[in-house]
>>> print(open('entry_37.txt').read())   # compact mmCIF, C-alpha atoms and all ligand atoms
# COMPACT_ATOMS: atom_id res chain seq x y z
CA MET A 22 -5.81 33.15 -3.05
CA LEU A 23 -2.95 31.02 -1.83
CA LEU A 24 -4.57 27.69 -2.56
CA ASP A 25 -5.37 28.62 -6.14
CA GLY A 26 -1.82 29.68 -6.71
CA MET A 27 -0.59 26.47 -5.15
CA ALA A 28 -2.86 24.44 -7.36
CA ALA A 29 -1.39 26.01 -10.46
CA SER A 30 2.24 25.66 -9.48
CA HIS A 31 1.58 22.23 -8.10
CA GLU A 32 0.42 20.89 -11.42
CA LEU A 33 3.76 21.93 -12.86
CA SER A 34 5.65 19.86 -10.33
CA PHE A 35 4.03 16.68 -11.58
CA GLY A 36 5.46 17.18 -15.05
CA GLU A 37 8.90 16.15 -16.21
CA ALA A 38 10.49 19.58 -16.14
CA TYR A 39 11.64 19.75 -12.53
CA TYR A 40 13.96 17.18 -10.98
CA PRO A 41 12.17 14.28 -12.64
CA LYS A 42 14.01 11.56 -10.70
CA ALA A 43 13.23 12.90 -7.24
CA ILE A 44 9.65 13.63 -8.22
CA HIS A 45 9.07 10.18 -9.64
CA HIS A 46 10.47 8.71 -6.46
CA ALA A 47 8.23 10.91 -4.31
CA LEU A 48 5.15 10.21 -6.43
CA GLU A 49 5.60 6.48 -6.01
CA ALA A 50 5.05 6.85 -2.27
CA SER A 51 1.76 5.91 -0.67
CA VAL A 52 -0.34 7.86 1.79
CA LEU A 53 -2.45 6.37 4.56
CA VAL A 54 -5.94 7.87 4.70
CA LEU A 55 -7.83 8.21 7.99
CA ASN A 56 -11.49 9.01 8.29
CA ARG A 57 -12.62 11.96 10.40
CA LEU A 58 -12.44 9.73 13.50
CA PHE A 59 -8.75 8.92 12.87
CA LEU A 60 -9.46 5.35 11.74
CA ALA A 61 -7.33 4.07 8.88
CA ILE A 62 -9.46 3.35 5.83
CA HIS A 63 -7.32 3.46 2.67
CA ILE A 64 -3.91 3.64 1.10
CA ILE A 65 -3.74 6.03 -1.83
CA PRO A 66 -1.10 7.43 -4.20
CA VAL A 67 0.57 10.76 -3.42
CA LYS A 68 -1.12 12.58 -6.30
CA ARG A 69 -4.57 11.69 -5.02
CA ALA A 70 -3.60 12.80 -1.51
CA PHE A 71 -2.46 16.22 -2.75
CA SER A 72 -5.65 16.56 -4.74
CA LEU A 73 -7.73 15.98 -1.58
CA LEU A 74 -5.56 18.44 0.37
CA LEU A 75 -5.85 21.13 -2.29
CA ARG A 76 -9.64 20.78 -2.31
CA GLU A 77 -9.62 21.14 1.49
CA GLN A 78 -11.28 17.75 1.86
CA ALA A 79 -8.38 16.47 3.93
CA GLU A 80 -5.67 17.65 6.28
CA VAL A 81 -2.14 16.42 6.92
CA VAL A 82 -1.49 14.32 10.02
CA SER A 83 2.16 14.58 10.92
CA LEU A 84 4.26 12.78 13.49
CA GLU A 85 6.49 15.14 15.45
CA GLU A 86 8.48 13.94 18.43
CA GLY A 87 6.02 11.14 19.15
CA GLN A 88 2.99 13.46 18.89
CA TYR A 89 0.57 13.90 16.04
CA SER A 90 -0.21 17.34 14.66
CA THR A 91 -2.71 18.25 11.97
CA TYR A 92 -2.28 20.91 9.30
CA ASP A 93 -4.40 22.32 6.54
CA PHE A 94 -2.62 22.48 3.23
CA ALA A 95 -1.60 26.13 3.40
CA THR A 96 -0.01 25.60 6.80
CA TRP A 97 1.59 22.35 5.71
CA ARG A 98 3.23 24.23 2.88
CA GLU A 99 4.75 26.68 5.36
CA VAL A 100 5.83 23.89 7.69
CA SER A 101 7.40 22.12 4.70
CA GLU A 102 9.44 25.15 3.77
CA TYR A 103 10.82 25.38 7.26
CA ARG A 104 11.53 21.65 7.44
CA SER A 105 13.19 21.57 4.06
CA ARG A 106 15.79 23.95 5.45
CA HIS A 107 16.17 22.63 8.99
CA PHE A 108 14.77 19.10 9.45
CA ARG A 109 15.38 17.07 6.32
CA GLN A 110 15.48 13.36 7.04
CA ALA A 111 16.58 10.50 4.86
CA ASP A 112 13.14 8.88 4.71
CA ASP A 113 11.33 12.07 3.69
CA ASP A 114 10.03 12.61 0.17
CA TRP A 115 9.63 16.04 -1.37
CA ILE A 116 7.63 17.48 -4.23
CA ARG A 117 9.31 20.47 -5.81
CA THR A 118 7.10 23.20 -7.22
CA VAL A 119 8.32 26.28 -9.06
CA THR A 120 8.58 28.29 -5.88
CA CYS A 121 9.04 25.85 -3.03
CA GLU A 122 9.34 22.29 -1.83
CA ILE A 123 6.46 20.48 -0.17
CA GLN A 124 7.00 17.44 1.98
CA VAL A 125 4.99 14.39 0.96
CA PRO A 126 2.69 13.59 3.89
CA ARG A 127 2.57 9.98 5.07
CA VAL A 128 -0.88 10.25 6.64
CA ILE A 129 -3.90 12.42 5.83
CA ARG A 130 -7.32 12.67 7.44
CA LEU A 131 -10.58 13.16 5.59
CA LEU A 132 -12.52 16.02 7.15
CA GLY A 133 -16.03 15.01 6.13
CA TYR A 134 -16.04 11.23 6.17
CA ASP A 135 -17.02 9.23 9.26
CA ARG A 136 -17.66 5.80 7.88
CA ILE A 137 -15.50 2.70 7.60
CA PRO A 138 -15.90 1.30 4.11
CA ARG A 139 -16.11 -2.43 3.75
CA GLN A 140 -12.61 -3.70 3.29
CA THR A 141 -12.07 -6.22 0.56
CA ILE A 142 -8.82 -7.89 -0.33
CA LYS A 143 -9.08 -8.66 -4.01
CA PHE A 144 -8.72 -12.30 -4.86
CA ASN A 145 -6.28 -11.89 -7.70
CA ARG A 146 -2.95 -13.15 -8.93
CA ARG A 147 -0.98 -10.24 -7.45
CA ASN A 148 -2.37 -10.72 -3.96
CA ILE A 149 -1.94 -14.49 -4.08
CA PHE A 150 1.72 -14.04 -5.05
CA ALA A 151 2.11 -11.47 -2.27
CA ARG A 152 0.44 -13.77 0.28
CA ASP A 153 2.76 -16.65 -0.67
CA GLY A 154 5.82 -14.38 -0.80
CA SER A 155 6.50 -15.55 -4.38
CA LEU A 156 7.52 -18.94 -3.02
CA CYS A 157 6.48 -22.11 -4.79
CA GLN A 158 4.28 -23.72 -2.16
CA TYR A 159 5.56 -27.19 -3.06
CA CYS A 160 9.35 -26.91 -3.41
CA GLY A 161 9.61 -23.76 -1.26
CA LYS A 162 11.90 -21.91 -3.68
CA LYS A 163 11.51 -18.26 -4.54
CA PHE A 164 10.72 -17.31 -8.13
CA SER A 165 10.04 -14.17 -10.10
CA THR A 166 6.33 -13.70 -10.70
CA SER A 167 6.75 -14.52 -14.40
CA GLU A 168 8.08 -17.97 -13.45
CA LEU A 169 5.23 -18.75 -11.09
CA SER A 170 1.86 -20.22 -11.91
CA LEU A 171 -1.28 -20.68 -9.88
CA ASP A 172 -2.15 -24.19 -8.79
CA HIS A 173 -5.51 -25.55 -7.65
CA VAL A 174 -4.60 -27.62 -4.58
CA VAL A 175 -7.63 -29.83 -5.17
CA PRO A 176 -7.86 -29.83 -8.97
CA ARG A 177 -10.99 -28.48 -10.61
CA THR A 178 -11.57 -31.91 -12.18
CA GLN A 179 -11.92 -33.25 -8.62
CA GLY A 180 -14.26 -30.50 -7.48
CA GLY A 181 -11.66 -27.92 -6.37
CA VAL A 182 -12.88 -24.31 -6.36
CA ASN A 183 -11.31 -20.89 -6.91
CA SER A 184 -10.67 -19.73 -3.38
CA TRP A 185 -7.92 -18.43 -1.11
CA GLU A 186 -7.86 -21.86 0.54
CA ASN A 187 -7.51 -23.81 -2.71
CA ILE A 188 -5.13 -21.73 -4.85
CA VAL A 189 -1.40 -21.40 -4.26
CA CYS A 190 1.73 -20.26 -6.08
CA ALA A 191 3.63 -23.05 -7.77
CA CYS A 192 6.67 -23.06 -10.02
CA VAL A 193 6.02 -24.52 -13.45
CA PRO A 194 7.99 -27.78 -12.90
CA CYS A 195 6.10 -28.47 -9.65
CA ASN A 196 2.78 -27.60 -11.28
CA VAL A 197 3.48 -29.94 -14.17
CA ARG A 198 4.66 -32.73 -11.88
CA LYS A 199 1.54 -32.45 -9.75
CA GLY A 200 -0.74 -32.47 -12.79
CA GLY A 201 -4.42 -33.15 -12.12
CA ARG A 202 -3.80 -34.69 -8.70
CA THR A 203 -4.27 -33.61 -5.10
CA PRO A 204 -1.08 -33.09 -3.04
CA LYS A 205 -1.71 -36.46 -1.39
CA GLN A 206 -2.20 -38.28 -4.68
CA ALA A 207 0.95 -36.66 -6.06
CA ASN A 208 2.85 -37.18 -2.83
CA MET A 209 3.75 -33.48 -2.79
CA ALA A 210 3.28 -31.63 0.50
CA LEU A 211 2.37 -27.94 0.74
CA ILE A 212 4.89 -25.89 2.70
CA ARG A 213 2.03 -23.92 4.28
CA LYS A 214 -1.73 -24.24 4.53
CA PRO A 215 -3.28 -21.64 2.21
CA GLU A 216 -5.60 -19.20 3.94
CA ARG A 217 -7.48 -16.01 3.22
CA PRO A 218 -5.15 -13.15 4.27
CA LYS A 219 -6.39 -11.16 7.24
CA ARG A 220 -4.61 -8.01 6.14
CA SER A 221 -3.94 -6.59 2.71
CA PRO A 222 -0.70 -8.13 1.36
CA LEU A 223 0.10 -4.69 -0.11
CA LEU A 224 -0.24 -3.10 3.31
CA ASN A 225 2.07 -5.71 4.81
CA GLN A 226 4.69 -4.91 2.19
CA LYS A 227 4.46 -1.18 2.98
CA LEU A 228 4.70 -1.71 6.72
CA SER A 229 8.04 -3.43 6.34
CA ASN A 230 9.41 -0.14 4.90
CA HIS A 231 10.81 2.25 7.53
CA LYS A 232 9.39 5.15 5.52
CA TYR A 233 5.90 4.21 6.67
CA GLN A 234 6.64 3.72 10.36
CA SER A 235 4.15 6.46 11.26
CA TRP A 236 1.36 4.24 9.90
CA HIS A 237 1.75 1.65 12.64
CA MET A 238 0.02 3.75 15.26
CA PHE A 239 -3.16 3.95 13.17
CA LEU A 240 -3.11 0.32 12.10
CA SER A 241 -3.20 -1.27 15.50
CA ASN A 242 -6.96 -0.84 15.60
CA ALA A 243 -9.24 -3.73 14.83
CA TYR A 244 -10.23 -2.53 11.38
CA TRP A 245 -7.33 -4.08 9.48
CA ASP A 246 -7.47 -7.34 11.39
CA VAL A 247 -11.17 -7.88 11.02
CA GLU A 248 -12.08 -11.24 9.51
CA LEU A 249 -13.43 -10.74 6.02
CA GLY A 250 -16.89 -12.03 5.25
ZN ZN A 301 8.29 -25.65 -7.12
>>> encode(input="entry_37.txt", output="structure tokens", more="lines below")
Ligand SMILES: [Zn+2]
Amino acid sequence: MLLDGMAASHELSFGEAYYPKAIHHALEASVLVLNRLFLAIHIIPVKRAFSLLLREQAEVVSLEEGQYSTYDFATWREVSEYRSRHFRQADDDWIRTVTCEIQVPRVIRLLGYDRIPRQTIKFNRRNIFARDGSLCQYCGKKFSTSELSLDHVVPRTQGGVNSWENIVCACVPCNVRKGGRTPKQANMALIRKPERPKRSPLLNQKLSNHKYQSWHMFLSNAYWDVELG
């Protein structure tokens, strides 16, 4: 059967043997996942997307001349072959198997999943840095993540808690200067009021990349903008 054959040759393409640079590049891409009702619910790595397609749990949603078309994996493989010869575009990513090239889909749709899972934006260092754009929230300068620390706006010794509203990026000199004081006590103003992000900072980063322009259509719905409880 075609899919079984594809599965076997596909595994090979993830190894190092074939065009490792291009493959690594393609595998670093992300895929937007829609539920059966075309609502955006996740962002997943390419490998996971191909795994869902191979198991026929998902189909490809492809933007063509402003219209969306859907393909099962076998058909997508045929479409890819044709496109690889006639419609290659700079933003496209390709996975090379032994026998053919398959275009990395930007959007897939789960065929048997109707729900909208509860969205949570993890309260962690990476997302705080992303929210603050790696800018020290006191001096406003940009730093590499290794040069940034996290600062409790109201220090813990004065009752400050771990929350989106009370933790910001700060460079080490600013953090040291501020010490165990509030911004007011230290006479150091925040460049921006810290808030819980309404949308995943990771998603915002992706959306600024032209490669993911086809995502915008599915992200205008309320799901991503919903206030988190
Ligand atoms: Zn600073």
>>> residues_around(input="entry_37.txt", residues="Arg98 in chain A", least_positions_apart="5", cutoff="9 Å", atoms="all atoms listed in the file", output="list of chain:residue names")
A:Asp93, A:Tyr103, A:Cys121, A:Glu122, A:Ile123, A:Gln124
>>> closest_residue(input="entry_37.txt", among="A:Ala111, A:Cys190, A:Val175, A:Val81", to="ligand ZN 301 (chain A)", atoms="all atoms listed in the file")
A:Cys190
>>> closest_residue(input="entry_37.txt", among="A:Arg213, A:Arg76, A:Lys162, A:Lys199", to="ligand ZN 301 (chain A)", atoms="all atoms listed in the file")
A:Lys162
>>> closest_atom_pairs(input="entry_37.txt", of="chain A", to="ligand ZN 301 (chain A)", cutoff="7 Å", atoms="all atoms listed in the file", output="JSON lines")
{"residue": "A:Cys157", "atom": "CA", "partner": "A:ZN301", "partner_atom": "ZN", "distance": 4.6}
{"residue": "A:Gln158", "atom": "CA", "partner": "A:ZN301", "partner_atom": "ZN", "distance": 6.7}
{"residue": "A:Tyr159", "atom": "CA", "partner": "A:ZN301", "partner_atom": "ZN", "distance": 5.1}
{"residue": "A:Cys160", "atom": "CA", "partner": "A:ZN301", "partner_atom": "ZN", "distance": 4.1}
{"residue": "A:Gly161", "atom": "CA", "partner": "A:ZN301", "partner_atom": "ZN", "distance": 6.3}
{"residue": "A:Lys162", "atom": "CA", "partner": "A:ZN301", "partner_atom": "ZN", "distance": 6.2}
{"residue": "A:Ala191", "atom": "CA", "partner": "A:ZN301", "partner_atom": "ZN", "distance": 5.4}
{"residue": "A:Cys192", "atom": "CA", "partner": "A:ZN301", "partner_atom": "ZN", "distance": 4.2}
{"residue": "A:Val193", "atom": "CA", "partner": "A:ZN301", "partner_atom": "ZN", "distance": 6.8}
{"residue": "A:Pro194", "atom": "CA", "partner": "A:ZN301", "partner_atom": "ZN", "distance": 6.2}
{"residue": "A:Cys195", "atom": "CA", "partner": "A:ZN301", "partner_atom": "ZN", "distance": 4.4}
>>> write_last_selection(input="entry_37.txt", atoms="C-alpha atoms", output="short mmCIF file (atom, residue, chain, number, x, y, z; two decimals), in the coordinates of the input")
data_model
loop_
_atom_site.label_atom_id
_atom_site.label_comp_id
_atom_site.auth_asym_id
_atom_site.auth_seq_id
_atom_site.Cartn_x
_atom_site.Cartn_y
_atom_site.Cartn_z
CA CYS A 157 6.48 -22.11 -4.79
CA GLN A 158 4.28 -23.72 -2.16
CA TYR A 159 5.56 -27.19 -3.06
CA CYS A 160 9.35 -26.91 -3.41
CA GLY A 161 9.61 -23.76 -1.26
CA LYS A 162 11.90 -21.91 -3.68
CA ALA A 191 3.63 -23.05 -7.77
CA CYS A 192 6.67 -23.06 -10.02
CA VAL A 193 6.02 -24.52 -13.45
CA PRO A 194 7.99 -27.78 -12.90
CA CYS A 195 6.10 -28.47 -9.65
#
>>> residues_around(input="entry_37.txt", residues="range 233-235 of chain A", least_positions_apart="4", cutoff="9 Å", atoms="only C-alpha atoms", output="list in words")
Ser51, Val52, Leu53, Ser83, Leu84, Asp112, Arg127, Val128, Lys227, Leu228, Ser229 and Phe239 of chain A
>>> write_last_selection(input="entry_37.txt", atoms="C-alpha atoms", output="mmCIF file, in the coordinates of the input")
data_model
loop_
_atom_site.group_PDB
_atom_site.id
_atom_site.type_symbol
_atom_site.label_atom_id
_atom_site.label_comp_id
_atom_site.auth_asym_id
_atom_site.auth_seq_id
_atom_site.Cartn_x
_atom_site.Cartn_y
_atom_site.Cartn_z
ATOM 1 C CA SER A 51 1.760 5.910 -0.670
ATOM 2 C CA VAL A 52 -0.340 7.860 1.790
ATOM 3 C CA LEU A 53 -2.450 6.370 4.560
ATOM 4 C CA SER A 83 2.160 14.580 10.920
ATOM 5 C CA LEU A 84 4.260 12.780 13.490
ATOM 6 C CA ASP A 112 13.140 8.880 4.710
ATOM 7 C CA ARG A 127 2.570 9.980 5.070
ATOM 8 C CA VAL A 128 -0.880 10.250 6.640
ATOM 9 C CA LYS A 227 4.460 -1.180 2.980
ATOM 10 C CA LEU A 228 4.700 -1.710 6.720
ATOM 11 C CA SER A 229 8.040 -3.430 6.340
ATOM 12 C CA PHE A 239 -3.160 3.950 13.170
#
>>> atom_distance(input="entry_37.txt", atom1="CA of Ser165 in chain A", atom2="CA of Ile149 in chain A")
13.4 Å
>>> closest_residue(input="entry_37.txt", among="A:Met238, A:Ile188, A:Leu171, A:Val197", to="Gly87 in chain A", atoms="all atoms listed in the file")
A:Met238
>>> closest_residue(input="entry_37.txt", among="A:Val182, A:Val174, A:Ala151, A:Leu224", to="Gly201 in chain A", atoms="all atoms listed in the file")
A:Val174
>>> residues_near_point(input="entry_37.txt", point="(-14.3, 5.3, 10.7)", cutoff="6 Å", atoms="all atoms listed in the file", output="MDAnalysis selection string")
chainID A and resid 56 58 60 135:137
>>> write_last_selection(input="entry_37.txt", atoms="C-alpha atoms", output="PDB file, keeping the file's coordinate frame")
ATOM      1  CA  ASN A  56     -11.490   9.010   8.290  1.00  0.00           C
ATOM      2  CA  LEU A  58     -12.440   9.730  13.500  1.00  0.00           C
ATOM      3  CA  LEU A  60      -9.460   5.350  11.740  1.00  0.00           C
ATOM      4  CA  ASP A 135     -17.020   9.230   9.260  1.00  0.00           C
ATOM      5  CA  ARG A 136     -17.660   5.800   7.880  1.00  0.00           C
ATOM      6  CA  ILE A 137     -15.500   2.700   7.600  1.00  0.00           C
TER       7      ILE A 137
END
>>> closest_residue(input="entry_37.txt", among="A:Gly180, A:Arg146, A:Ser221, A:Ala47", to="Ile62 in chain A", atoms="all atoms listed in the file")
A:Ser221
>>> atom_distance(input="entry_37.txt", atom1="CA of Leu48 in chain A", atom2="CA of Arg130 in chain A")
18.8 Å
>>> atom_distance(input="entry_37.txt", atom1="CA of Glu216 in chain A", atom2="CA of Arg139 in chain A")
19.8 Å
>>> residues_near_point(input="entry_37.txt", point="(-4.2, -11.1, -4.0)", cutoff="10 Å", atoms="all atoms listed in the file", output="list in words")
Ile142, Lys143, Phe144, Asn145, Arg146, Arg147, Asn148, Ile149, Phe150, Ala151, Arg152, Asp153, Trp185, Arg217, Pro218, Ser221, Pro222 and Leu223 of chain A
>>> write_last_selection(input="entry_37.txt", atoms="C-alpha atoms", output="short mmCIF file (atom, residue, chain, number, x, y, z; two decimals), keeping the file's coordinate frame")
data_model
loop_
_atom_site.label_atom_id
_atom_site.label_comp_id
_atom_site.auth_asym_id
_atom_site.auth_seq_id
_atom_site.Cartn_x
_atom_site.Cartn_y
_atom_site.Cartn_z
CA ILE A 142 -8.82 -7.89 -0.33
CA LYS A 143 -9.08 -8.66 -4.01
CA PHE A 144 -8.72 -12.30 -4.86
CA ASN A 145 -6.28 -11.89 -7.70
CA ARG A 146 -2.95 -13.15 -8.93
CA ARG A 147 -0.98 -10.24 -7.45
CA ASN A 148 -2.37 -10.72 -3.96
CA ILE A 149 -1.94 -14.49 -4.08
CA PHE A 150 1.72 -14.04 -5.05
CA ALA A 151 2.11 -11.47 -2.27
CA ARG A 152 0.44 -13.77 0.28
CA ASP A 153 2.76 -16.65 -0.67
CA TRP A 185 -7.92 -18.43 -1.11
CA ARG A 217 -7.48 -16.01 3.22
CA PRO A 218 -5.15 -13.15 4.27
CA SER A 221 -3.94 -6.59 2.71
CA PRO A 222 -0.70 -8.13 1.36
CA LEU A 223 0.10 -4.69 -0.11
#
>>> axis_aligned_box(input="entry_37.txt", around="range 97-110 of chain A", padding_each_side="4 Å", output="lines of an AutoDock Vina configuration file")
center_x = 8.9
center_y = 20.0
center_z = 6.2
size_x = 22.6
size_y = 21.3
size_z = 14.6
>>> residues_around(input="entry_37.txt", residues="Leu73 in chain A", least_positions_apart="5", cutoff="10 Å", atoms="all atoms listed in the file", output="PDB file with C-alpha atoms, in the frame of the given file")
ATOM      1  CA  VAL A  67       0.570  10.760  -3.420  1.00  0.00           C
ATOM      2  CA  LYS A  68      -1.120  12.580  -6.300  1.00  0.00           C
ATOM      3  CA  GLN A  78     -11.280  17.750   1.860  1.00  0.00           C
ATOM      4  CA  ALA A  79      -8.380  16.470   3.930  1.00  0.00           C
ATOM      5  CA  GLU A  80      -5.670  17.650   6.280  1.00  0.00           C
ATOM      6  CA  PHE A  94      -2.620  22.480   3.230  1.00  0.00           C
ATOM      7  CA  ILE A 129      -3.900  12.420   5.830  1.00  0.00           C
ATOM      8  CA  ARG A 130      -7.320  12.670   7.440  1.00  0.00           C
ATOM      9  CA  LEU A 131     -10.580  13.160   5.590  1.00  0.00           C
ATOM     10  CA  LEU A 132     -12.520  16.020   7.150  1.00  0.00           C
TER      11      LEU A 132
END
>>> closest_residue(input="entry_37.txt", among="A:Thr178, A:Ser105, A:Gln226, A:Thr141", to="Val125 in chain A", atoms="all atoms listed in the file")
A:Ser105
